[in-house]
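coords04.json follows (JSON, C-alpha atoms and all ligand atoms):
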```json
[["chain", "number", "residue", "atom", "x", "y", "z"],
["A", 247, "MET", "CA", -13.38, 5.01, -0.54],
["A", 248, "PRO", "CA", -11.84, 2.89, 2.25],
["A", 249, "ASP", "CA", -9.34, 4.62, 4.52],
["A", 250, "PRO", "CA", -5.89, 3.26, 3.50],
["A", 251, "THR", "CA", -4.51, 4.04, 6.98],
["A", 252, "ALA", "CA", -7.11, 1.89, 8.73],
["A", 253, "ALA", "CA", -5.46, -0.92, 10.67],
["A", 254, "ASP", "CA", -7.15, -3.72, 8.73],
["A", 255, "GLU", "CA", -6.99, -2.13, 5.27],
["A", 256, "VAL", "CA", -5.01, -4.25, 2.80],
["A", 257, "LEU", "CA", -2.54, -2.26, 0.72],
["A", 258, "ARG", "CA", -2.31, -2.52, -3.05],
["A", 259, "ALA", "CA", 0.11, -0.86, -5.44],
["A", 260, "PRO", "CA", 1.27, -1.06, -9.06],
["A", 261, "HIS", "CA", 4.38, -3.19, -9.40],
["A", 262, "VAL", "CA", 6.20, -3.05, -12.73],
["A", 263, "LEU", "CA", 8.92, -5.50, -13.70],
["A", 264, "GLU", "CA", 11.07, -4.65, -16.67],
["A", 265, "TYR", "CA", 14.04, -6.45, -18.15],
["A", 266, "THR", "CA", 15.87, -4.78, -21.05],
["A", 267, "TYR", "CA", 17.15, -7.93, -22.71],
["A", 268, "THR", "CA", 19.27, -7.87, -25.86],
["A", 269, "ARG", "CA", 19.93, -11.26, -27.38],
["A", 270, "SER", "CA", 21.96, -12.66, -30.23],
["A", 271, "VAL", "CA", 19.74, -14.44, -32.72],
["A", 272, "GLY", "CA", 22.02, -16.98, -34.40],
["A", 273, "PRO", "CA", 22.34, -17.72, -38.12],
["A", 274, "VAL", "CA", 18.84, -19.06, -38.78],
["A", 275, "ILE", "CA", 16.62, -16.64, -36.85],
["A", 276, "GLY", "CA", 19.04, -13.93, -37.99],
["A", 277, "ALA", "CA", 18.32, -14.80, -41.63],
["A", 278, "PHE", "CA", 14.57, -14.87, -40.87],
["A", 279, "LEU", "CA", 14.71, -11.39, -39.30],
["A", 280, "THR", "CA", 16.89, -10.09, -42.12],
["A", 281, "GLY", "CA", 14.25, -11.43, -44.54],
["A", 282, "LEU", "CA", 11.49, -9.63, -42.65],
["A", 283, "ARG", "CA", 13.41, -6.38, -42.94],
["A", 284, "GLN", "CA", 13.43, -7.01, -46.71],
["A", 285, "GLY", "CA", 9.69, -7.75, -46.69],
["A", 286, "ARG", "CA", 10.08, -11.52, -47.11],
["A", 287, "ILE", "CA", 9.19, -14.47, -44.90],
["A", 288, "LEU", "CA", 11.61, -17.40, -44.72],
["A", 289, "GLY", "CA", 11.08, -20.94, -43.49],
["A", 290, "ALA", "CA", 13.48, -23.81, -42.84],
["A", 291, "THR", "CA", 13.23, -27.04, -44.78],
["A", 292, "GLY", "CA", 13.29, -30.03, -42.49],
["A", 293, "ASP", "CA", 12.77, -33.76, -42.71],
["A", 294, "GLU", "CA", 9.62, -35.46, -44.07],
["A", 295, "GLY", "CA", 8.74, -32.42, -46.18],
["A", 296, "ARG", "CA", 8.44, -30.02, -43.27],
["A", 297, "VAL", "CA", 8.89, -26.29, -43.81],
["A", 298, "VAL", "CA", 9.10, -24.64, -40.42],
["A", 299, "VAL", "CA", 8.18, -20.95, -39.95],
["A", 300, "PRO", "CA", 9.74, -19.17, -38.12],
["A", 301, "PRO", "CA", 12.73, -21.30, -39.10],
["A", 302, "ALA", "CA", 14.48, -23.39, -36.47],
["A", 303, "GLU", "CA", 18.08, -24.55, -36.52],
["A", 304, "TYR", "CA", 16.97, -28.16, -36.04],
["A", 305, "ASP", "CA", 14.06, -30.22, -37.31],
["A", 306, "PRO", "CA", 11.45, -30.25, -34.52],
["A", 307, "VAL", "CA", 10.78, -34.02, -34.90],
["A", 308, "THR", "CA", 14.08, -35.63, -35.95],
["A", 309, "ALA", "CA", 16.36, -32.99, -34.38],
["A", 310, "ARG", "CA", 18.60, -33.10, -37.45],
["A", 311, "PRO", "CA", 20.03, -29.77, -38.68],
["A", 312, "SER", "CA", 17.57, -27.91, -40.90],
["A", 313, "GLY", "CA", 18.23, -27.65, -44.61],
["A", 314, "GLU", "CA", 18.15, -24.51, -46.70],
["A", 315, "LEU", "CA", 15.88, -21.55, -46.05],
["A", 316, "VAL", "CA", 13.06, -20.99, -48.52],
["A", 317, "GLU", "CA", 10.69, -18.10, -49.03],
["A", 318, "VAL", "CA", 7.08, -18.82, -48.03],
["A", 319, "GLY", "CA", 3.79, -16.93, -48.32],
["A", 320, "PRO", "CA", 3.19, -14.10, -48.34],
["A", 321, "GLY", "CA", -0.42, -15.36, -48.14],
["A", 322, "GLY", "CA", -1.57, -18.13, -45.89],
["A", 323, "ALA", "CA", -4.47, -19.72, -44.05],
["A", 324, "VAL", "CA", -5.51, -19.29, -40.43],
["A", 325, "SER", "CA", -5.47, -22.64, -38.65],
["A", 326, "THR", "CA", -6.65, -21.54, -35.22],
["A", 327, "TRP", "CA", -7.40, -18.17, -33.64],
["A", 328, "ALA", "CA", -8.57, -16.41, -30.47],
["A", 329, "TRP", "CA", -10.22, -13.01, -30.26],
["A", 330, "GLU", "CA", -8.55, -10.32, -28.13],
["A", 331, "ASN", "CA", -11.25, -7.90, -27.08],
["A", 332, "GLU", "CA", -9.19, -5.71, -24.75],
["A", 333, "PRO", "CA", -5.69, -5.13, -26.14],
["A", 334, "THR", "CA", -3.06, -4.05, -23.60],
["A", 335, "ALA", "CA", -0.37, -1.45, -24.18],
["A", 336, "ASP", "CA", 2.11, -4.20, -25.10],
["A", 337, "HIS", "CA", -0.04, -5.83, -27.79],
["A", 338, "PRO", "CA", 0.77, -5.31, -31.47],
["A", 339, "LEU", "CA", -2.54, -3.55, -32.22],
["A", 340, "SER", "CA", -4.44, -1.07, -30.10],
["A", 341, "ARG", "CA", -7.86, -2.11, -31.41],
["A", 342, "PRO", "CA", -9.49, -5.54, -30.87],
["A", 343, "PHE", "CA", -7.83, -8.21, -33.01],
["A", 344, "ALA", "CA", -7.35, -11.96, -33.37],
["A", 345, "TRP", "CA", -4.31, -13.92, -32.27],
["A", 346, "ALA", "CA", -3.87, -16.51, -34.99],
["A", 347, "LEU", "CA", -1.67, -19.35, -36.15],
["A", 348, "VAL", "CA", -1.11, -18.63, -39.83],
["A", 349, "VAL", "CA", 0.10, -21.46, -42.08],
["A", 350, "LEU", "CA", 1.81, -19.56, -44.87],
["A", 351, "ASP", "CA", 1.70, -20.94, -48.41],
["A", 352, "GLY", "CA", 4.58, -23.40, -48.69],
["A", 353, "ALA", "CA", 4.92, -23.83, -44.91],
["A", 354, "THR", "CA", 3.80, -26.80, -42.84],
["A", 355, "THR", "CA", 3.70, -25.07, -39.43],
["A", 356, "GLY", "CA", 1.75, -22.11, -38.11],
["A", 357, "LEU", "CA", 3.27, -18.70, -37.41],
["A", 358, "LEU", "CA", 1.77, -16.96, -34.38],
["A", 359, "HIS", "CA", 0.74, -13.44, -35.31],
["A", 360, "VAL", "CA", -2.29, -11.15, -35.22],
["A", 361, "VAL", "CA", -5.11, -10.62, -37.70],
["A", 362, "ASP", "CA", -6.69, -7.18, -38.01],
["A", 363, "ALA", "CA", -10.16, -8.43, -38.87],
["A", 364, "GLY", "CA", -12.32, -5.79, -37.17],
["A", 365, "SER", "CA", -14.69, -8.28, -35.63],
["A", 366, "PRO", "CA", -14.62, -11.93, -34.53],
["A", 367, "ASP", "CA", -17.42, -12.50, -37.07],
["A", 368, "ALA", "CA", -14.81, -11.94, -39.79],
["A", 369, "MET", "CA", -12.61, -14.72, -38.40],
["A", 370, "ALA", "CA", -12.78, -18.41, -39.34],
["A", 371, "SER", "CA", -10.41, -21.35, -39.34],
["A", 372, "GLY", "CA", -9.21, -21.83, -42.92],
["A", 373, "MET", "CA", -9.68, -18.18, -43.88],
["A", 374, "ARG", "CA", -7.08, -16.67, -46.20],
["A", 375, "VAL", "CA", -4.88, -13.85, -44.89],
["A", 376, "ARG", "CA", -1.99, -11.74, -46.15],
["A", 377, "PRO", "CA", 0.72, -9.89, -44.22],
["A", 378, "ARG", "CA", 0.68, -6.12, -43.97],
["A", 379, "PHE", "CA", 4.34, -5.15, -43.83],
["A", 380, "ARG", "CA", 5.48, -1.86, -42.36],
["A", 381, "PRO", "CA", 7.02, 0.58, -44.85],
["A", 382, "GLU", "CA", 10.59, -0.36, -45.75],
["A", 383, "GLY", "CA", 12.24, 2.47, -43.81],
["A", 384, "GLU", "CA", 10.43, 1.45, -40.60],
["A", 385, "ARG", "CA", 11.40, -2.23, -40.71],
["A", 386, "ARG", "CA", 14.13, -3.21, -38.25],
["A", 387, "GLY", "CA", 14.49, -6.99, -38.47],
["A", 388, "HIS", "CA", 11.71, -7.94, -36.09],
["A", 389, "LEU", "CA", 8.56, -10.08, -36.21],
["A", 390, "LEU", "CA", 6.55, -6.87, -35.96],
["A", 391, "ASP", "CA", 7.99, -5.73, -39.29],
["A", 392, "ILE", "CA", 4.78, -7.50, -40.22],
["A", 393, "GLU", "CA", 2.36, -5.05, -38.64],
["A", 394, "CYS", "CA", -0.41, -7.66, -38.77],
["A", 395, "PHE", "CA", -2.18, -10.03, -41.14],
["A", 396, "VAL", "CA", -5.39, -8.94, -42.85],
["A", 397, "PRO", "CA", -8.17, -10.97, -44.48],
["A", 398, "GLU", "CA", -7.17, -11.58, -48.09],
["A", 399, "GLU", "CA", -10.29, -10.14, -49.76],
["A", 400, "SER", "CA", -9.82, -6.78, -48.04],
["A", 401, "SER", "CA", -6.15, -6.35, -48.91],
["B", 144, "MET", "CA", 18.07, -15.18, -53.03],
["B", 145, "THR", "CA", 18.87, -11.50, -52.44],
["B", 146, "ASP", "CA", 21.53, -11.20, -49.85],
["B", 147, "ALA", "CA", 21.24, -8.88, -46.90],
["B", 148, "THR", "CA", 24.11, -6.68, -47.93],
["B", 149, "SER", "CA", 22.50, -5.87, -51.31],
["B", 150, "THR", "CA", 20.25, -3.52, -49.33],
["B", 151, "GLY", "CA", 23.32, -1.88, -47.83],
["B", 152, "GLN", "CA", 22.58, -3.28, -44.35],
["B", 153, "GLU", "CA", 24.27, -5.94, -42.28],
["B", 154, "PRO", "CA", 22.36, -9.16, -41.62],
["B", 155, "VAL", "CA", 20.41, -9.07, -38.33],
["B", 156, "ALA", "CA", 22.53, -10.60, -35.54],
["B", 157, "ILE", "CA", 21.07, -9.01, -32.40],
["B", 158, "MET", "CA", 17.57, -8.23, -31.29],
["B", 159, "GLU", "CA", 16.17, -6.33, -28.36],
["B", 160, "SER", "CA", 13.52, -8.29, -26.52],
["B", 161, "PRO", "CA", 12.50, -6.25, -23.50],
["B", 162, "ILE", "CA", 10.12, -7.83, -21.05],
["B", 163, "HIS", "CA", 7.65, -5.58, -19.32],
["B", 164, "VAL", "CA", 5.17, -6.93, -16.80],
["B", 165, "ASP", "CA", 2.53, -4.74, -15.15],
["B", 166, "TYR", "CA", 1.48, -6.19, -11.83],
["B", 167, "ARG", "CA", -0.92, -4.88, -9.27],
["B", 168, "PHE", "CA", 0.53, -6.14, -6.01],
["B", 169, "THR", "CA", -1.76, -6.89, -3.09],
["B", 170, "ALA", "CA", 0.24, -7.02, 0.12],
["B", 171, "GLY", "CA", -2.20, -9.05, 2.22],
["B", 172, "LEU", "CA", -3.12, -8.35, 5.83],
["B", 173, "ALA", "CA", 0.20, -9.19, 7.51],
["B", 174, "GLN", "CA", 2.42, -7.37, 5.06],
["B", 175, "SER", "CA", 0.04, -4.41, 5.03],
["B", 176, "ARG", "CA", 0.52, -4.13, 8.80],
["B", 177, "PHE", "CA", 4.28, -4.26, 8.28],
["B", 178, "LEU", "CA", 4.17, -1.58, 5.55],
["B", 179, "LYS", "CA", 2.00, 0.71, 7.67],
["B", 180, "GLY", "CA", 4.51, 0.25, 10.49],
["B", 181, "LEU", "CA", 7.26, 1.47, 8.13],
["B", 182, "SER", "CA", 5.26, 4.63, 7.48],
["B", 183, "GLN", "CA", 5.41, 5.23, 11.26],
["B", 184, "GLY", "CA", 9.12, 4.42, 11.45],
["B", 185, "ARG", "CA", 8.50, 1.08, 13.18],
["B", 186, "PHE", "CA", 9.27, -2.55, 12.31],
["B", 187, "LEU", "CA", 6.19, -4.71, 12.95],
["B", 188, "GLY", "CA", 6.50, -8.48, 12.85],
["B", 189, "GLN", "CA", 4.33, -11.39, 13.87],
["B", 190, "ARG", "CA", 4.96, -14.31, 16.24],
["B", 191, "CYS", "CA", 3.99, -17.92, 15.65],
["B", 192, "PRO", "CA", 1.73, -19.13, 18.49],
["B", 193, "ARG", "CA", 3.28, -22.59, 18.26],
["B", 194, "CYS", "CA", 7.06, -22.25, 17.76],
["B", 195, "HIS", "CA", 7.19, -18.62, 19.02],
["B", 196, "LYS", "CA", 9.40, -17.51, 16.16],
["B", 197, "VAL", "CA", 9.01, -13.86, 15.15],
["B", 198, "TYR", "CA", 8.81, -13.17, 11.44],
["B", 199, "VAL", "CA", 9.59, -9.79, 9.94],
["B", 200, "PRO", "CA", 8.40, -8.97, 7.35],
["B", 201, "PRO", "CA", 5.45, -11.19, 8.32],
["B", 202, "ARG", "CA", 3.60, -13.25, 5.73],
["B", 203, "GLY", "CA", 0.66, -14.05, 7.96],
["B", 204, "SER", "CA", 1.53, -17.65, 8.71],
["B", 205, "CYS", "CA", 4.36, -19.74, 10.06],
["B", 206, "PRO", "CA", 6.12, -21.69, 7.28],
["B", 207, "THR", "CA", 7.13, -24.38, 9.81],
["B", 208, "ASP", "CA", 3.82, -24.93, 11.57],
["B", 209, "GLY", "CA", 1.39, -23.76, 8.91],
["B", 210, "VAL", "CA", -0.67, -21.77, 11.41],
["B", 211, "PRO", "CA", -1.68, -18.09, 11.29],
["B", 212, "THR", "CA", 0.70, -15.70, 13.07],
["B", 213, "THR", "CA", -1.79, -13.47, 14.82],
["B", 214, "ASP", "CA", 0.44, -11.97, 17.53],
["B", 215, "GLU", "CA", 1.90, -8.63, 16.48],
["B", 216, "VAL", "CA", 5.39, -7.81, 17.75],
["B", 217, "GLU", "CA", 7.26, -4.54, 17.46],
["B", 218, "LEU", "CA", 10.92, -5.11, 16.74],
["B", 219, "SER", "CA", 13.96, -3.12, 17.75],
["B", 220, "ASN", "CA", 15.53, -0.55, 15.48],
["B", 221, "GLN", "CA", 18.79, -2.42, 15.91],
["B", 222, "GLY", "CA", 20.08, -5.69, 14.61],
["B", 223, "THR", "CA", 23.01, -7.79, 13.51],
["B", 224, "VAL", "CA", 24.54, -8.35, 10.08],
["B", 225, "THR", "CA", 24.36, -12.11, 9.59],
["B", 226, "THR", "CA", 25.93, -12.15, 6.15],
["B", 227, "TYR", "CA", 26.52, -9.67, 3.34],
["B", 228, "CYS", "CA", 27.91, -9.11, -0.11],
["B", 229, "VAL", "CA", 29.87, -6.25, -1.63],
["B", 230, "VAL", "CA", 28.29, -5.01, -4.84],
["B", 231, "ASN", "CA", 31.01, -3.95, -7.26],
["B", 232, "VAL", "CA", 29.21, -4.45, -10.55],
["B", 233, "PRO", "CA", 27.31, -1.56, -12.12],
["B", 234, "PHE", "CA", 23.96, -2.38, -13.72],
["B", 235, "GLN", "CA", 21.20, -0.45, -15.44],
["B", 236, "GLY", "CA", 18.92, 1.32, -13.01],
["B", 237, "GLN", "CA", 21.45, 1.26, -10.16],
["B", 238, "SER", "CA", 20.78, 4.15, -7.80],
["B", 239, "ILE", "CA", 23.60, 3.70, -5.28],
["B", 240, "GLU", "CA", 27.26, 4.41, -5.85],
["B", 241, "ILE", "CA", 29.41, 1.25, -5.96],
["B", 242, "PRO", "CA", 30.92, -0.41, -4.06],
["B", 243, "TYR", "CA", 28.11, -0.82, -1.57],
["B", 244, "ILE", "CA", 27.01, -3.49, 0.88],
["B", 245, "CYS", "CA", 23.89, -5.55, 0.68],
["B", 246, "ALA", "CA", 23.44, -7.35, 4.00],
["B", 247, "GLN", "CA", 21.10, -9.78, 5.67],
["B", 248, "ILE", "CA", 20.04, -8.08, 8.89],
["B", 249, "LEU", "CA", 18.54, -9.89, 11.84],
["B", 250, "LEU", "CA", 16.66, -7.39, 13.98],
["B", 251, "ASP", "CA", 16.88, -7.94, 17.73],
["B", 252, "GLY", "CA", 13.96, -10.16, 18.70],
["B", 253, "ALA", "CA", 13.38, -11.46, 15.17],
["B", 254, "ASN", "CA", 13.89, -14.99, 13.84],
["B", 255, "LEU", "CA", 14.10, -14.01, 10.20],
["B", 256, "ALA", "CA", 16.73, -11.81, 8.54],
["B", 257, "PHE", "CA", 15.90, -9.44, 5.70],
["B", 258, "MET", "CA", 17.98, -7.57, 3.18],
["B", 259, "GLY", "CA", 19.23, -4.07, 3.88],
["B", 260, "LEU", "CA", 21.74, -1.55, 2.62],
["B", 261, "ILE", "CA", 24.72, -0.77, 4.86],
["B", 262, "GLN", "CA", 26.15, 2.77, 4.69],
["B", 263, "GLU", "CA", 28.31, 5.11, 6.80],
["B", 264, "ILE", "CA", 31.15, 2.59, 6.78],
["B", 265, "ALA", "CA", 33.74, 1.62, 4.14],
["B", 266, "ALA", "CA", 32.73, -1.50, 2.21],
["B", 267, "ASP", "CA", 35.84, -3.40, 3.32],
["B", 268, "GLN", "CA", 35.10, -2.73, 7.02],
["B", 269, "VAL", "CA", 31.75, -4.55, 7.12],
["B", 270, "ARG", "CA", 31.73, -7.96, 8.83],
["B", 271, "MET", "CA", 29.43, -10.74, 9.93],
["B", 272, "GLY", "CA", 28.13, -10.02, 13.41],
["B", 273, "MET", "CA", 28.42, -6.26, 13.04],
["B", 274, "ARG", "CA", 25.79, -4.39, 15.04],
["B", 275, "VAL", "CA", 23.70, -1.96, 12.99],
["B", 276, "GLU", "CA", 20.70, 0.33, 13.37],
["B", 277, "ALA", "CA", 18.11, 1.59, 10.91],
["B", 278, "VAL", "CA", 18.38, 5.16, 9.64],
["B", 279, "TRP", "CA", 14.93, 6.35, 8.64],
["B", 280, "VAL", "CA", 14.07, 9.03, 6.11],
["B", 281, "PRO", "CA", 12.73, 12.31, 7.58],
["B", 282, "PRO", "CA", 9.19, 11.95, 9.06],
["B", 283, "GLU", "CA", 7.54, 13.81, 6.18],
["B", 284, "GLU", "CA", 9.02, 11.28, 3.71],
["B", 285, "LEU", "CA", 7.94, 8.14, 5.59],
["B", 286, "GLY", "CA", 5.61, 5.89, 3.64],
["B", 287, "PRO", "CA", 4.40, 2.27, 3.43],
["B", 288, "THR", "CA", 7.58, 1.16, 1.67],
["B", 289, "MET", "CA", 11.03, -0.21, 2.51],
["B", 290, "ALA", "CA", 12.35, 3.08, 1.08],
["B", 291, "SER", "CA", 11.35, 4.54, 4.47],
["B", 292, "VAL", "CA", 14.52, 2.88, 5.77],
["B", 293, "ARG", "CA", 17.25, 4.92, 4.15],
["B", 294, "HIS", "CA", 19.93, 2.42, 5.19],
["B", 295, "PHE", "CA", 21.48, 0.72, 8.19],
["B", 296, "ARG", "CA", 24.63, 2.03, 9.87],
["B", 297, "PRO", "CA", 27.03, 0.64, 12.49],
["B", 298, "THR", "CA", 26.03, 1.28, 16.10],
["B", 299, "GLY", "CA", 29.63, 0.98, 17.31],
["B", 300, "GLU", "CA", 28.73, -1.77, 19.78],
["B", 301, "PRO", "CA", 30.98, -4.84, 19.95],
["B", 302, "ASP", "CA", 30.17, -7.44, 17.29],
["B", 303, "ALA", "CA", 27.59, -10.08, 18.12],
["B", 304, "ASP", "CA", 28.85, -13.54, 18.98],
["B", 305, "TYR", "CA", 28.69, -15.92, 15.99],
["B", 306, "GLU", "CA", 26.68, -18.40, 18.09],
["B", 307, "SER", "CA", 23.91, -15.81, 18.41],
["B", 308, "PHE", "CA", 23.14, -15.66, 14.68],
["B", 309, "LYS", "CA", 24.59, -18.84, 13.14],
["B", 310, "GLU", "CA", 21.11, -20.30, 12.71],
["B", 311, "TYR", "CA", 20.09, -17.42, 10.46],
["B", 312, "LEU", "CA", 22.67, -17.74, 7.70],
["C", 1, "ZN", "ZN", 5.76, -21.75, 14.01]]
```
Starting from the file, lay out its structure as structure tokens.
Ligand SMILES: [Zn+2]
Amino acid sequence: MPDPTAADEVLRAPHVLEYTYTRSVGPVIGAFLTGLRQGRILGATGDEGRVVVPPAEYDPVTARPSGELVEVGPGGAVSTWAWENEPTADHPLSRPFAWALVVLDGATTGLLHVVDAGSPDAMASGMRVRPRFRPEGERRGHLLDIECFVPEESS
Amino acid sequence: MTDATSTGQEPVAIMESPIHVDYRFTAGLAQSRFLKGLSQGRFLGQRCPRCHKVYVPPRGSCPTDGVPTTDEVELSNQGTVTTYCVVNVPFQGQSIEIPYICAQILLDGANLAFMGLIQEIAADQVRMGMRVEAVWVPPEELGPTMASVRHFRPTGEPDADYESFKEYL
């Protein structure tokens, strides 16, 4: 091991940044999170037939206020995905998983979440997945009230 | 649609979204020299070979001339408060009793001020130009960190002339 007191030794150290933010969520995201706590996924109806999940207060293309919130899913199809081989402490799952955009049934946009598929061989664009919700008493109005998505045939 | 209150809970209005970033910081050669100096109770800076400005803490190059600062310079333990602010607002993780003074301190011989804590004087007595000196932690607690400087305190000398530090505000 190099001598850290040597004149030309470069020092290295852990450096942790932490911000304990609390934010207000507004009426639309608030309704979405409230739905998650109830075990339901809500999207916002927009222009041109769009159903945006998670719901936004304004249509992403026309910028007009979104219409009513509708329930989508719970099943859906993976549009794109990336395999995470080395999860960090802050990731939703502690075992290897896929990040995925999931287009829930009735939605027209993808929801970014994780798929607990076991192996990248089990992942494919177009594959069907279903959410695995946490038990009701553990849900707190958060996107991780959905613990993960799982391939539909194994659920 | 079921409404939120049918479950006996209020609709979600607030969420916690903490941000946690784990870095591994590499100080580089110049800053490593500076940090090792702190563990010996010394301020080590570097001088630009072209404009002759002395930077402390050094970054290894001169931002004006873009050349390496290879000349090491040991700075004085004393300096001048160029500007400061009184911290009156408590925040999470605060370790110092308010009110306290956060000051820009220009060490004698340096051309760059850095931030330091001023103590051993009432907050409303601190002023621009005040002469201060570093108070180091006991030798056994010295380490390669700015925490080796416990704080700065007034030396009692007459204030520095504004002309002498106006370029460093
Ligand atoms: Zn220079």
(request) Using all atoms listed in the file, find the residues of chain A whose closest atom to chain B is at most 8 Å away, then write them as number ranges by chain. (result) A: 251, 253-273, 276-277, 279-281, 387-388
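Of the listed residues A:Leu389, A:Ala323, A:Ala363, A:Val318, the one whose atoms come nearest to Arg286 (chain A) is A:Val318, with distances taken using only C-alpha atoms.
Distance annotation: of A:Pro338, A:Gly313, A:Pro381, A:Pro366, the residue with the minimal separation from Gly295 (chain A) is A:Gly313; atom set is all atoms listed in the file.
In this structure, CA of Tyr198 (chain B) sits 29.9 Å away from CA of Asp267 (chain B).
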(message) With all atoms listed in the file as the counted atoms, please give the residues lying no more than 10 Å from Val232 (chain B), apart from itself and same-chain residues fewer than 5 positions off, as number ranges by chain.
(response) B: 237, 241-243
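Pocket residues of ligand ZN 1 (chain C), taken as those with any atom at most 10 Å away using only C-alpha atoms and all ligand atoms, are Arg190, Cys191, Pro192, Arg193, Cys194, His195, Lys196, Val197, Tyr198, Ser204, Cys205, Pro206, Thr207, Asp208, Gly209, Val210, Pro211 and Thr212 of chain B.
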(request) May I have the residues at most 9 Å from (11.3, -17.6, -37.2) in the file's coordinates, counting all atoms listed in the file, as JSON, numbers by chain? (result) {"A": [274, 275, 276, 277, 278, 279, 287, 288, 289, 290, 298, 299, 300, 301, 302, 357, 389]}
